[in-house]
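Asks: If you scroll down you'll find the structure; I have some questions about it.
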Amino acid sequence: MRYFLEISYNGSTFHGWQFQPNAITVQETIENALKTLLKEEIKIVGAGRTDTGVHAKHMFAHFDYNKKFELSQLRINLNSFLNNQIYIKDIYRVSDEAHARFSATSREYEYYISLVKDVFSYETSHYIQQDLNIKKMNQAISIIKDYEDFEAFSKSKTDVKTYLCNIISCSLVENENILIFRIKANRFLRNMVRAIVGTLLEVGLEKISPAEVHNIIKSKDRSKAGPSMPANALFLTKIEYPSNIKL
């Protein structure tokens, strides 16, 4: 039988989601907890990967287990066992064909840019001291939404078969002294969001014009785009699935 875990975590102390030898990851931490509680080796499959330092407000993973157990009690026990950086929001049964990664229909990320020096948010946002031209950044966003091939924003030497992504929505939201870049798509490439933000900030700082974003994307050359922004300000905020996936 297959189960979905709905998870949130603070990525500050983890070397990303996916298991790595000689490094503490979110996947390994949850697997070890499940093994202890269910008395069996449990492997979980995540909806995707998050890099070192990236956070998730809304992450999913699935695991298979054929013995009977109380779902609500396992959730309580997991949250008691895990440290404060990981929270299991829910556990529920899904069809055996459901897959945390391949069944997802969309994912959404947010990147937090602080416009003032804030001692309370610096750990989860990126501070920009200079003034930003928000109008030009929005012009660049409109250009990005017109494209599907984002090789220019992808980490080099990845094993993906295609660089095509369908961007469903993309926007900048100003919330007092925080600028939130929000992007939703059917899939994302490695480092894509942080590279897009780095490029948008170059536009906002007027180092490049919005029109130059056309050339960057068409070049398919990562070196033409802006820098990869720090991971600490990036959040995976939402993953969507078909409504009938839950039993």
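Identifiers for the structure tokens are assigned positionally: chains receive A, B, ... in sequence, residues are indexed from 1 per chain, and ligands are indexed from 1 in the order shown.
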Quick one: residues within 8 Å of segment 185-189 of chain A, only C-alpha atoms, excluding same-chain residues fewer than 2 positions away - as a compact mmCIF listing (two decimals) with N, CA and C atoms, in the first residue's frame?
Replies:
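Listing of around_32.txt after writing:
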# COMPACT_ATOMS: atom_id res chain seq x y z
N ALA A 104 2.57 14.86 -9.87
CA ALA A 104 2.37 16.28 -9.59
C ALA A 104 2.06 17.03 -10.88
N THR A 105 1.09 17.93 -10.82
CA THR A 105 0.71 18.71 -12.00
C THR A 105 1.36 20.09 -12.03
N SER A 106 1.74 20.60 -10.86
CA SER A 106 2.41 21.90 -10.82
C SER A 106 3.18 22.05 -9.51
N ARG A 107 4.15 22.97 -9.54
CA ARG A 107 4.93 23.32 -8.36
C ARG A 107 5.05 24.83 -8.31
N GLU A 108 5.15 25.37 -7.12
CA GLU A 108 5.27 26.81 -6.96
C GLU A 108 6.41 27.15 -6.00
N PHE A 150 14.14 26.97 -21.08
CA PHE A 150 14.86 27.73 -20.07
C PHE A 150 16.25 27.16 -19.78
N PHE A 153 18.74 29.23 -17.86
CA PHE A 153 18.59 29.35 -16.41
C PHE A 153 18.83 28.02 -15.69
N SER A 154 19.31 27.03 -16.42
CA SER A 154 19.51 25.71 -15.83
C SER A 154 20.96 25.49 -15.42
N LYS A 155 21.12 24.79 -14.33
CA LYS A 155 22.47 24.40 -13.92
C LYS A 155 23.08 23.56 -15.02
N TYR A 163 14.62 20.92 -21.68
CA TYR A 163 14.68 22.16 -20.89
C TYR A 163 13.36 22.92 -20.99
N CYS A 165 9.71 24.05 -19.99
CA CYS A 165 8.88 24.19 -18.81
C CYS A 165 7.70 25.08 -19.16
N ASN A 166 6.53 24.72 -18.68
CA ASN A 166 5.35 25.53 -18.90
C ASN A 166 5.10 26.41 -17.67
N ILE A 167 5.41 27.70 -17.79
CA ILE A 167 5.19 28.61 -16.68
C ILE A 167 3.71 28.98 -16.63
N ILE A 168 3.07 28.65 -15.52
CA ILE A 168 1.64 28.89 -15.34
C ILE A 168 1.40 30.31 -14.85
N SER A 169 2.23 30.77 -13.93
CA SER A 169 2.13 32.15 -13.43
C SER A 169 3.49 32.59 -12.92
N ILE A 183 6.66 32.05 -8.60
CA ILE A 183 6.60 31.41 -9.91
C ILE A 183 6.01 30.01 -9.79
N ASN A 191 18.32 24.76 -10.30
CA ASN A 191 18.82 26.13 -10.12
C ASN A 191 18.03 27.18 -10.89
N MET A 192 16.94 26.77 -11.53
CA MET A 192 16.19 27.66 -12.43
C MET A 192 15.66 28.90 -11.73
N VAL A 193 15.01 28.72 -10.59
CA VAL A 193 14.39 29.87 -9.93
C VAL A 193 15.45 30.86 -9.45
Asks: Please list as number ranges by chain every residue within 12 Å of Glu70 of chain A, counting only C-alpha atoms and excluding residues in the same chain fewer than 6 positions away.
Replies: A: 37-38, 76-77, 91-93
Asks: Could you list, as an mmCIF file with N, CA, C and O atoms, in the first residue's frame, every residue within 12 Å of Ser223 of chain A, counting only C-alpha atoms and ignoring same-chain residues fewer than 6 positions away?
Replies:
data_model
loop_
_atom_site.group_PDB
_atom_site.id
_atom_site.type_symbol
_atom_site.label_atom_id
_atom_site.label_comp_id
_atom_site.auth_asym_id
_atom_site.auth_seq_id
_atom_site.Cartn_x
_atom_site.Cartn_y
_atom_site.Cartn_z
ATOM 1 N N GLU A 151 16.906 26.691 -20.831
ATOM 2 C CA GLU A 151 18.252 26.164 -20.670
ATOM 3 C C GLU A 151 19.207 27.223 -20.128
ATOM 4 O O GLU A 151 20.139 26.916 -19.378
ATOM 5 N N ALA A 152 18.973 28.485 -20.460
ATOM 6 C CA ALA A 152 19.841 29.573 -19.999
ATOM 7 C C ALA A 152 19.788 29.742 -18.489
ATOM 8 O O ALA A 152 20.698 30.322 -17.895
ATOM 9 N N PHE A 153 18.740 29.231 -17.861
ATOM 10 C CA PHE A 153 18.590 29.350 -16.408
ATOM 11 C C PHE A 153 18.830 28.021 -15.690
ATOM 12 O O PHE A 153 18.572 27.914 -14.490
ATOM 13 N N SER A 154 19.313 27.029 -16.422
ATOM 14 C CA SER A 154 19.505 25.710 -15.829
ATOM 15 C C SER A 154 20.958 25.489 -15.424
ATOM 16 O O SER A 154 21.884 25.934 -16.108
ATOM 17 N N LYS A 155 21.122 24.795 -14.327
ATOM 18 C CA LYS A 155 22.466 24.401 -13.922
ATOM 19 C C LYS A 155 23.082 23.555 -15.018
ATOM 20 O O LYS A 155 22.437 22.671 -15.573
ATOM 21 N N SER A 156 24.340 23.822 -15.350
ATOM 22 C CA SER A 156 24.992 23.082 -16.436
ATOM 23 C C SER A 156 25.290 21.649 -16.017
ATOM 24 O O SER A 156 25.332 21.317 -14.830
ATOM 25 N N ALA A 195 18.387 31.356 -10.642
ATOM 26 C CA ALA A 195 19.001 32.019 -11.795
ATOM 27 C C ALA A 195 18.080 33.081 -12.381
ATOM 28 O O ALA A 195 18.526 34.156 -12.802
ATOM 29 N N GLY A 198 18.249 36.037 -10.059
ATOM 30 C CA GLY A 198 19.504 36.750 -10.280
ATOM 31 C C GLY A 198 19.459 37.623 -11.515
ATOM 32 O O GLY A 198 19.980 38.753 -11.523
ATOM 33 N N THR A 199 18.801 37.145 -12.555
ATOM 34 C CA THR A 199 18.658 37.914 -13.790
ATOM 35 C C THR A 199 17.699 39.087 -13.588
ATOM 36 O O THR A 199 17.971 40.213 -14.040
ATOM 37 N N ILE A 216 19.123 36.571 -23.640
ATOM 38 C CA ILE A 216 19.634 35.606 -22.661
ATOM 39 C C ILE A 216 18.944 34.267 -22.837
ATOM 40 O O ILE A 216 19.591 33.211 -22.905
ATOM 41 N N ILE A 217 17.613 34.293 -22.922
ATOM 42 C CA ILE A 217 16.865 33.035 -23.048
ATOM 43 C C ILE A 217 17.166 32.354 -24.380
ATOM 44 O O ILE A 217 17.366 31.130 -24.432
#
Asks: Based on DSSP run over this structure's backbone, return all residues of segment 47-234 of chain A in alpha helix (DSSP H), as number ranges by chain.
Replies: A: 71-81, 134-144, 192-204, 212-219
Asks: Can you spit out the residues from that selection as a compact mmCIF listing (two decimals), in the first residue's frame, using N, CA and C atoms?
Replies:
# COMPACT_ATOMS: atom_id res chain seq x y z
N LEU A 71 -2.80 5.97 10.98
CA LEU A 71 -2.21 7.11 10.28
C LEU A 71 -1.98 8.30 11.20
N SER A 72 -3.00 8.68 11.95
CA SER A 72 -2.88 9.86 12.79
C SER A 72 -1.84 9.66 13.88
N GLN A 73 -1.74 8.43 14.41
CA GLN A 73 -0.76 8.17 15.46
C GLN A 73 0.66 8.20 14.92
N LEU A 74 0.84 7.68 13.69
CA LEU A 74 2.17 7.73 13.09
C LEU A 74 2.60 9.16 12.87
N ARG A 75 1.68 10.02 12.44
CA ARG A 75 2.02 11.43 12.24
C ARG A 75 2.46 12.08 13.55
N ILE A 76 1.72 11.79 14.61
CA ILE A 76 2.07 12.33 15.93
C ILE A 76 3.44 11.82 16.37
N ASN A 77 3.67 10.52 16.19
CA ASN A 77 4.94 9.93 16.61
C ASN A 77 6.12 10.47 15.80
N LEU A 78 5.91 10.66 14.50
CA LEU A 78 6.97 11.21 13.66
C LEU A 78 7.34 12.62 14.11
N ASN A 79 6.33 13.44 14.36
CA ASN A 79 6.61 14.81 14.78
C ASN A 79 7.26 14.89 16.15
N SER A 80 6.99 13.90 16.99
CA SER A 80 7.66 13.84 18.29
C SER A 80 9.11 13.40 18.13
N PHE A 81 9.34 12.55 17.15
CA PHE A 81 10.67 11.96 16.94
C PHE A 81 11.60 12.92 16.17
N ILE A 134 11.29 48.29 -9.99
CA ILE A 134 10.30 47.22 -10.00
C ILE A 134 9.56 47.17 -11.34
N LYS A 135 9.33 48.33 -11.93
CA LYS A 135 8.63 48.38 -13.21
C LYS A 135 9.39 47.59 -14.28
N LYS A 136 10.70 47.79 -14.33
CA LYS A 136 11.50 47.07 -15.32
C LYS A 136 11.58 45.57 -15.00
N MET A 137 11.60 45.23 -13.73
CA MET A 137 11.60 43.80 -13.36
C MET A 137 10.31 43.13 -13.82
N ASN A 138 9.19 43.84 -13.69
CA ASN A 138 7.91 43.29 -14.16
C ASN A 138 7.88 43.16 -15.68
N GLN A 139 8.53 44.09 -16.36
CA GLN A 139 8.64 43.97 -17.82
C GLN A 139 9.42 42.71 -18.20
N ALA A 140 10.49 42.44 -17.46
CA ALA A 140 11.29 41.24 -17.72
C ALA A 140 10.49 39.98 -17.43
N ILE A 141 9.68 40.01 -16.39
CA ILE A 141 8.83 38.86 -16.07
C ILE A 141 7.86 38.56 -17.21
N SER A 142 7.29 39.60 -17.79
CA SER A 142 6.38 39.41 -18.93
C SER A 142 7.08 38.74 -20.10
N ILE A 143 8.35 39.06 -20.28
CA ILE A 143 9.14 38.44 -21.34
C ILE A 143 9.39 36.97 -21.03
N ILE A 144 9.76 36.67 -19.80
CA ILE A 144 10.05 35.29 -19.39
C ILE A 144 8.84 34.40 -19.61
N MET A 192 16.94 26.77 -11.53
CA MET A 192 16.19 27.66 -12.43
C MET A 192 15.66 28.90 -11.73
N VAL A 193 15.01 28.72 -10.59
CA VAL A 193 14.39 29.87 -9.93
C VAL A 193 15.45 30.86 -9.45
N ARG A 194 16.52 30.37 -8.87
CA ARG A 194 17.56 31.25 -8.35
C ARG A 194 18.28 31.98 -9.48
N ALA A 195 18.39 31.36 -10.64
CA ALA A 195 19.00 32.02 -11.80
C ALA A 195 18.08 33.08 -12.38
N ILE A 196 16.78 32.79 -12.41
CA ILE A 196 15.82 33.78 -12.89
C ILE A 196 15.83 35.00 -11.97
N VAL A 197 15.82 34.77 -10.66
CA VAL A 197 15.85 35.88 -9.70
C VAL A 197 17.12 36.71 -9.89
N GLY A 198 18.25 36.04 -10.06
CA GLY A 198 19.50 36.75 -10.28
C GLY A 198 19.46 37.62 -11.51
N THR A 199 18.80 37.14 -12.55
CA THR A 199 18.66 37.91 -13.79
C THR A 199 17.70 39.09 -13.59
N LEU A 200 16.60 38.83 -12.89
CA LEU A 200 15.64 39.91 -12.61
C LEU A 200 16.27 41.02 -11.77
N LEU A 201 17.12 40.64 -10.83
CA LEU A 201 17.77 41.65 -10.00
C LEU A 201 18.75 42.49 -10.82
N GLU A 202 19.39 41.88 -11.81
CA GLU A 202 20.26 42.67 -12.69
C GLU A 202 19.44 43.68 -13.49
N VAL A 203 18.23 43.27 -13.87
CA VAL A 203 17.32 44.21 -14.53
C VAL A 203 16.90 45.31 -13.55
N GLY A 204 16.52 44.91 -12.33
CA GLY A 204 16.07 45.87 -11.32
C GLY A 204 17.15 46.85 -10.92
N GLU A 212 16.97 42.73 -22.95
CA GLU A 212 18.10 41.81 -23.03
C GLU A 212 17.75 40.40 -22.54
N VAL A 213 16.66 40.29 -21.80
CA VAL A 213 16.23 38.96 -21.34
C VAL A 213 15.88 38.08 -22.53
N HIS A 214 15.35 38.67 -23.59
CA HIS A 214 15.09 37.90 -24.81
C HIS A 214 16.37 37.19 -25.27
N ASN A 215 17.45 37.94 -25.39
CA ASN A 215 18.71 37.40 -25.89
C ASN A 215 19.29 36.35 -24.95
N ILE A 216 19.12 36.57 -23.64
CA ILE A 216 19.63 35.61 -22.66
C ILE A 216 18.94 34.27 -22.84
N ILE A 217 17.61 34.29 -22.92
CA ILE A 217 16.87 33.04 -23.05
C ILE A 217 17.17 32.35 -24.38
N LYS A 218 17.20 33.14 -25.45
CA LYS A 218 17.47 32.56 -26.78
C LYS A 218 18.88 31.99 -26.89
N SER A 219 19.81 32.51 -26.11
CA SER A 219 21.20 32.03 -26.17
C SER A 219 21.35 30.61 -25.64
Asks: Taking only segment 169-203 of chain A into account, list the residues labelled strand (DSSP E) by DSSP (computed from the backbone), as a VMD selection string.
Replies: chain A and resid 169 to 175 178 to 185
Asks: Please determine, counting only C-alpha atoms, which residue among A:Glu31, A:Glu97, A:Glu110, A:Asp159 has the shortest atom-to-atom distance to His58 of chain A.
Replies: A:Glu110
